[in-house]
Amino acid sequence: MILDYVTRIKANISIHTNLKATSILDGSYKSVFMGRSLNFEDLREYIPGDNIRDIDWKASSRSRMLLVKRYIAEKKHNIMIVFDNGAKMTADTDKGETKKDVAIFAAGTIAYLAYSNGDFVGCLYNHDSKIRFFPLRTRLYDIENFLSKYDSDVQTSKTSDLNKSLEYLLKHFRRKMVVFVVTDMKGTASVSEQLLKKLICQHDIIFININDADLTGDHAFKVDKNRYLPRFVTMDKKLVKLEKEMKEKIKTDNERKLMHNAIISTDISTKENIVLKITELLERHRYANNNR
């Protein structure tokens with residue numbers, strides 16, 4: 001299999017990071033999942049939020065910059081990507097990119113970081129009431145497989161039930177995993193709080209929200225109706241205001257629900273800012289874990 005998706009994701013990471021940022025991104029991923037052990041790995045530059053006990057004062061003195069010690073994780077970790085699916089993922093983001101493409105690049109970035117760290121990566125999603133499941137593996141071939149399959153399934157799928165995907169996860173996986181839920185505003189809103197409470201008792205849950213385009217302008221497309229909306233609808237000031245208020249309410253409710261369950265999340269609109277968003281997301285998750 002040609003690693004088409006993986007190659008493009010690696011290129012995207014390289015384009016939108018410099019050498020220092022790449023190190024921070026890699027370090028951010030490792031620091032989220034690394035437990036303390038006696039296996040010293042290397043030093044990296046201090047990042048606000050790092051535990052001061054990890055600062056190597058002698059090395060910092062020699063280099064004239066704060067350096068912290070990194071340790072090799074005592075065991076491999078299990079990373080599960082849970083995609084939302086359905087026709088809605090073929091719509092555009094508020095930056096004009098296809099939601100499924102942004103979702104694939106965001107999930108692919110996480111998967112590639114996990115692969116680079118030697119961790120296991122799996123994937124699952126609901127495809128027209130059937131669960132597509134890709135077991136935890138450590139090869140680039142397997143990442144390419146589930147990314148390409150998801151891409152083709154999104155284009156043929158009409159509906160998706162994120163709750164069913166998460167219920168499948170809860171029922172079939174007893175081992176602790178770090179679960180990245182890649183969805184949109186409505187997908188997050190659809191997940192029941194009762195299900196979230198059960199999930200966080202068993203796994204680390206992180207949400208990645210792919211932003212939706214506004215229902216305004218000359219070329220607003222209604223995915224479920226498979227047609228462009230009339231101009232008199234998309235340019236109506238009252239409807240525009242109503243839609244904006246509705247989206248703000250859903251966003252506020254989602255943030256409150258996730259925050260109440262101590263779940264970290266981020267919003268992504270374009271492939272260009274995925275690396276920055278993922279870095280910030282991992283740092284926030286690590287900081288939250290250190291303060292629990």
# chains A, B, ... in the order shown; residues from 1 in each chain; ligands from 1
$ select_by_dssp --residues "range 169-280 of chain A" --states "alpha helix (DSSP H)" --output "count of residues only"
55
$ closest_atom_pairs --of "range 226-291 of chain A" --to "range 78-95 of chain A" --cutoff "10 Å" --atoms "only C-alpha atoms" --output "CSV"
residue,atom,partner,partner_atom,distance
A:Asn226,CA,A:Ala87,CA,9.7
A:Ile268,CA,A:Thr93,CA,8.7
A:Ser269,CA,A:Thr93,CA,5.6
A:Thr270,CA,A:Lys95,CA,6.3
A:Lys271,CA,A:Lys95,CA,9.8
$ residues_around --residues "Val182 in chain A" --least-positions-apart "3" --cutoff "10 Å" --atoms "only C-alpha atoms" --output "ChimeraX atom specification"
/A:81-85,100,102-104,106-107,125,162,179,187-188,206-210,265
$ residues_around --residues "Arg175 in chain A" --least-positions-apart "6" --cutoff "12 Å" --atoms "only C-alpha atoms" --output "list of chain:residue names"
A:His77, A:Asn78, A:Ile79, A:Met80, A:Leu136, A:Leu169, A:Leu199, A:Cys201, A:Gln202, A:His203, A:Asp204
$ select_by_dssp --residues "range 52-286 of chain A" --states "strand (DSSP E)" --output "ChimeraX atom specification"
/A:67-71,78-83,120-127,130-137,178-183,204-210,221-222,227-228,264-268
$ write_last_selection --atoms "C-alpha atoms" --output "PDB file, in the first residue's frame"
ATOM      1  CA  LEU A  67      15.905  22.561  30.643  1.00  0.00           C
ATOM      2  CA  VAL A  68      13.704  19.774  31.956  1.00  0.00           C
ATOM      3  CA  LYS A  69      14.372  16.052  32.081  1.00  0.00           C
ATOM      4  CA  ARG A  70      12.278  13.663  30.016  1.00  0.00           C
ATOM      5  CA  TYR A  71      11.788  10.025  30.911  1.00  0.00           C
ATOM      6  CA  ASN A  78      -3.136   2.626  23.581  1.00  0.00           C
ATOM      7  CA  ILE A  79      -4.468   5.479  21.428  1.00  0.00           C
ATOM      8  CA  MET A  80      -7.962   5.151  19.952  1.00  0.00           C
ATOM      9  CA  ILE A  81      -9.324   7.511  17.294  1.00  0.00           C
ATOM     10  CA  VAL A  82     -13.145   7.705  17.272  1.00  0.00           C
ATOM     11  CA  PHE A  83     -14.438   9.481  14.162  1.00  0.00           C
ATOM     12  CA  PHE A 120      -0.495   1.375  19.658  1.00  0.00           C
ATOM     13  CA  VAL A 121      -3.083   3.155  17.497  1.00  0.00           C
ATOM     14  CA  GLY A 122      -6.600   2.021  16.607  1.00  0.00           C
ATOM     15  CA  CYS A 123      -9.723   3.537  15.107  1.00  0.00           C
ATOM     16  CA  LEU A 124     -13.470   3.044  15.099  1.00  0.00           C
ATOM     17  CA  TYR A 125     -16.550   4.806  13.783  1.00  0.00           C
ATOM     18  CA  ASN A 126     -20.195   4.160  12.958  1.00  0.00           C
ATOM     19  CA  HIS A 127     -20.934   3.643   9.270  1.00  0.00           C
ATOM     20  CA  LYS A 130     -22.441  -0.646  11.509  1.00  0.00           C
ATOM     21  CA  ILE A 131     -19.236  -0.298  13.520  1.00  0.00           C
ATOM     22  CA  ARG A 132     -16.009  -0.099  11.560  1.00  0.00           C
ATOM     23  CA  PHE A 133     -13.220  -1.169  13.887  1.00  0.00           C
ATOM     24  CA  PHE A 134      -9.475  -1.141  13.234  1.00  0.00           C
ATOM     25  CA  PRO A 135      -7.485  -2.927  15.993  1.00  0.00           C
ATOM     26  CA  LEU A 136      -4.649  -1.340  17.942  1.00  0.00           C
ATOM     27  CA  ARG A 137      -1.451  -1.618  15.892  1.00  0.00           C
ATOM     28  CA  VAL A 178      -6.428   7.637  25.438  1.00  0.00           C
ATOM     29  CA  VAL A 179      -9.457   8.286  23.231  1.00  0.00           C
ATOM     30  CA  PHE A 180      -9.521  11.154  20.723  1.00  0.00           C
ATOM     31  CA  VAL A 181     -13.103  11.860  19.607  1.00  0.00           C
ATOM     32  CA  VAL A 182     -13.061  13.693  16.251  1.00  0.00           C
ATOM     33  CA  THR A 183     -16.457  15.247  15.636  1.00  0.00           C
ATOM     34  CA  ASP A 204      -8.764   9.464  29.057  1.00  0.00           C
ATOM     35  CA  ILE A 205     -11.184  11.270  26.722  1.00  0.00           C
ATOM     36  CA  ILE A 206     -10.175  14.201  24.477  1.00  0.00           C
ATOM     37  CA  PHE A 207     -12.508  15.954  22.005  1.00  0.00           C
ATOM     38  CA  ILE A 208     -11.444  17.509  18.698  1.00  0.00           C
ATOM     39  CA  ASN A 209     -14.229  19.662  17.243  1.00  0.00           C
ATOM     40  CA  ILE A 210     -14.179  20.441  13.513  1.00  0.00           C
ATOM     41  CA  PHE A 221     -24.854  24.376   0.665  1.00  0.00           C
ATOM     42  CA  LYS A 222     -27.323  22.222   2.600  1.00  0.00           C
ATOM     43  CA  ARG A 227     -28.650  21.659  -2.809  1.00  0.00           C
ATOM     44  CA  TYR A 228     -27.598  25.276  -2.430  1.00  0.00           C
ATOM     45  CA  ILE A 264     -10.141  18.759  27.316  1.00  0.00           C
ATOM     46  CA  SER A 265     -11.164  19.867  23.808  1.00  0.00           C
ATOM     47  CA  THR A 266     -10.077  22.066  20.918  1.00  0.00           C
ATOM     48  CA  ASP A 267     -11.688  23.614  17.820  1.00  0.00           C
ATOM     49  CA  ILE A 268     -10.033  23.219  14.401  1.00  0.00           C
TER      50      ILE A 268
END
$ closest_residue --among "A:Leu242, A:Leu113, A:Arg53, A:Ile15" --to "Ile278 in chain A" --atoms "only C-alpha atoms"
A:Leu113
$ atom_distance --atom1 "CA of His285 in chain A" --atom2 "CA of Thr7 in chain A"
27.2 Å
$ atom_distance --atom1 "CA of Lys99 in chain A" --atom2 "CA of Leu147 in chain A"
13.9 Å
$ residues_around --residues "range 55-59 of chain A" --least-positions-apart "4" --cutoff "10 Å" --atoms "only C-alpha atoms" --output "PyMOL selection string"
chain A and resi 43-46+50-51+63-70
$ write_last_selection --atoms "N, CA and C atoms" --output "PDB file, in the first residue's frame"
ATOM      1  N   LEU A  43      16.944  15.868  27.473  1.00  0.00           N
ATOM      2  CA  LEU A  43      16.531  17.167  27.999  1.00  0.00           C
ATOM      3  C   LEU A  43      15.813  17.948  26.915  1.00  0.00           C
ATOM      4  N   ARG A  44      14.874  18.773  27.329  1.00  0.00           N
ATOM      5  CA  ARG A  44      14.236  19.702  26.391  1.00  0.00           C
ATOM      6  C   ARG A  44      14.011  21.024  27.106  1.00  0.00           C
ATOM      7  N   GLU A  45      13.724  22.058  26.292  1.00  0.00           N
ATOM      8  CA  GLU A  45      13.513  23.382  26.855  1.00  0.00           C
ATOM      9  C   GLU A  45      12.249  23.419  27.707  1.00  0.00           C
ATOM     10  N   TYR A  46      12.308  24.136  28.806  1.00  0.00           N
ATOM     11  CA  TYR A  46      11.171  24.262  29.725  1.00  0.00           C
ATOM     12  C   TYR A  46       9.976  24.898  29.023  1.00  0.00           C
ATOM     13  N   ASP A  50       5.337  22.885  33.080  1.00  0.00           N
ATOM     14  CA  ASP A  50       6.169  21.731  33.442  1.00  0.00           C
ATOM     15  C   ASP A  50       6.395  21.695  34.953  1.00  0.00           C
ATOM     16  N   ASN A  51       6.516  20.498  35.478  1.00  0.00           N
ATOM     17  CA  ASN A  51       6.796  20.334  36.899  1.00  0.00           C
ATOM     18  C   ASN A  51       8.215  20.821  37.195  1.00  0.00           C
ATOM     19  N   SER A  63      23.706  25.840  29.892  1.00  0.00           N
ATOM     20  CA  SER A  63      23.145  26.272  28.606  1.00  0.00           C
ATOM     21  C   SER A  63      22.512  27.654  28.663  1.00  0.00           C
ATOM     22  N   ARG A  64      22.345  28.174  29.904  1.00  0.00           N
ATOM     23  CA  ARG A  64      21.709  29.483  30.115  1.00  0.00           C
ATOM     24  C   ARG A  64      20.263  29.515  29.645  1.00  0.00           C
ATOM     25  N   MET A  65      19.608  28.389  29.705  1.00  0.00           N
ATOM     26  CA  MET A  65      18.163  28.307  29.463  1.00  0.00           C
ATOM     27  C   MET A  65      17.619  27.174  30.324  1.00  0.00           C
ATOM     28  N   LEU A  66      16.344  27.287  30.718  1.00  0.00           N
ATOM     29  CA  LEU A  66      15.754  26.255  31.571  1.00  0.00           C
ATOM     30  C   LEU A  66      15.535  24.969  30.779  1.00  0.00           C
ATOM     31  N   LEU A  67      16.062  23.862  31.286  1.00  0.00           N
ATOM     32  CA  LEU A  67      15.905  22.561  30.643  1.00  0.00           C
ATOM     33  C   LEU A  67      15.260  21.587  31.617  1.00  0.00           C
ATOM     34  N   VAL A  68      14.360  20.772  31.114  1.00  0.00           N
ATOM     35  CA  VAL A  68      13.704  19.774  31.956  1.00  0.00           C
ATOM     36  C   VAL A  68      14.066  18.380  31.469  1.00  0.00           C
ATOM     37  N   LYS A  69      14.057  17.438  32.400  1.00  0.00           N
ATOM     38  CA  LYS A  69      14.372  16.052  32.081  1.00  0.00           C
ATOM     39  C   LYS A  69      13.127  15.356  31.522  1.00  0.00           C
ATOM     40  N   ARG A  70      13.354  14.499  30.538  1.00  0.00           N
ATOM     41  CA  ARG A  70      12.278  13.663  30.016  1.00  0.00           C
ATOM     42  C   ARG A  70      12.622  12.207  30.300  1.00  0.00           C
TER      43      ARG A  70
END
$ closest_residue --among "A:His16, A:Asp101, A:Ala189, A:Leu276" --to "Gln155 in chain A" --atoms "only C-alpha atoms"
A:Asp101
$ atom_distance --atom1 "CA of His260 in chain A" --atom2 "CA of Glu167 in chain A"
19.9 Å
$ residues_around --residues "Val6 in chain A" --least-positions-apart "4" --cutoff "8 Å" --atoms "only C-alpha atoms" --output "number ranges by chain"
A: 10, 108, 112, 140, 143-144
$ closest_residue --among "A:Lys76, A:Lys277, A:Thr98, A:Val240" --to "Asp151 in chain A" --atoms "only C-alpha atoms"
A:Thr98
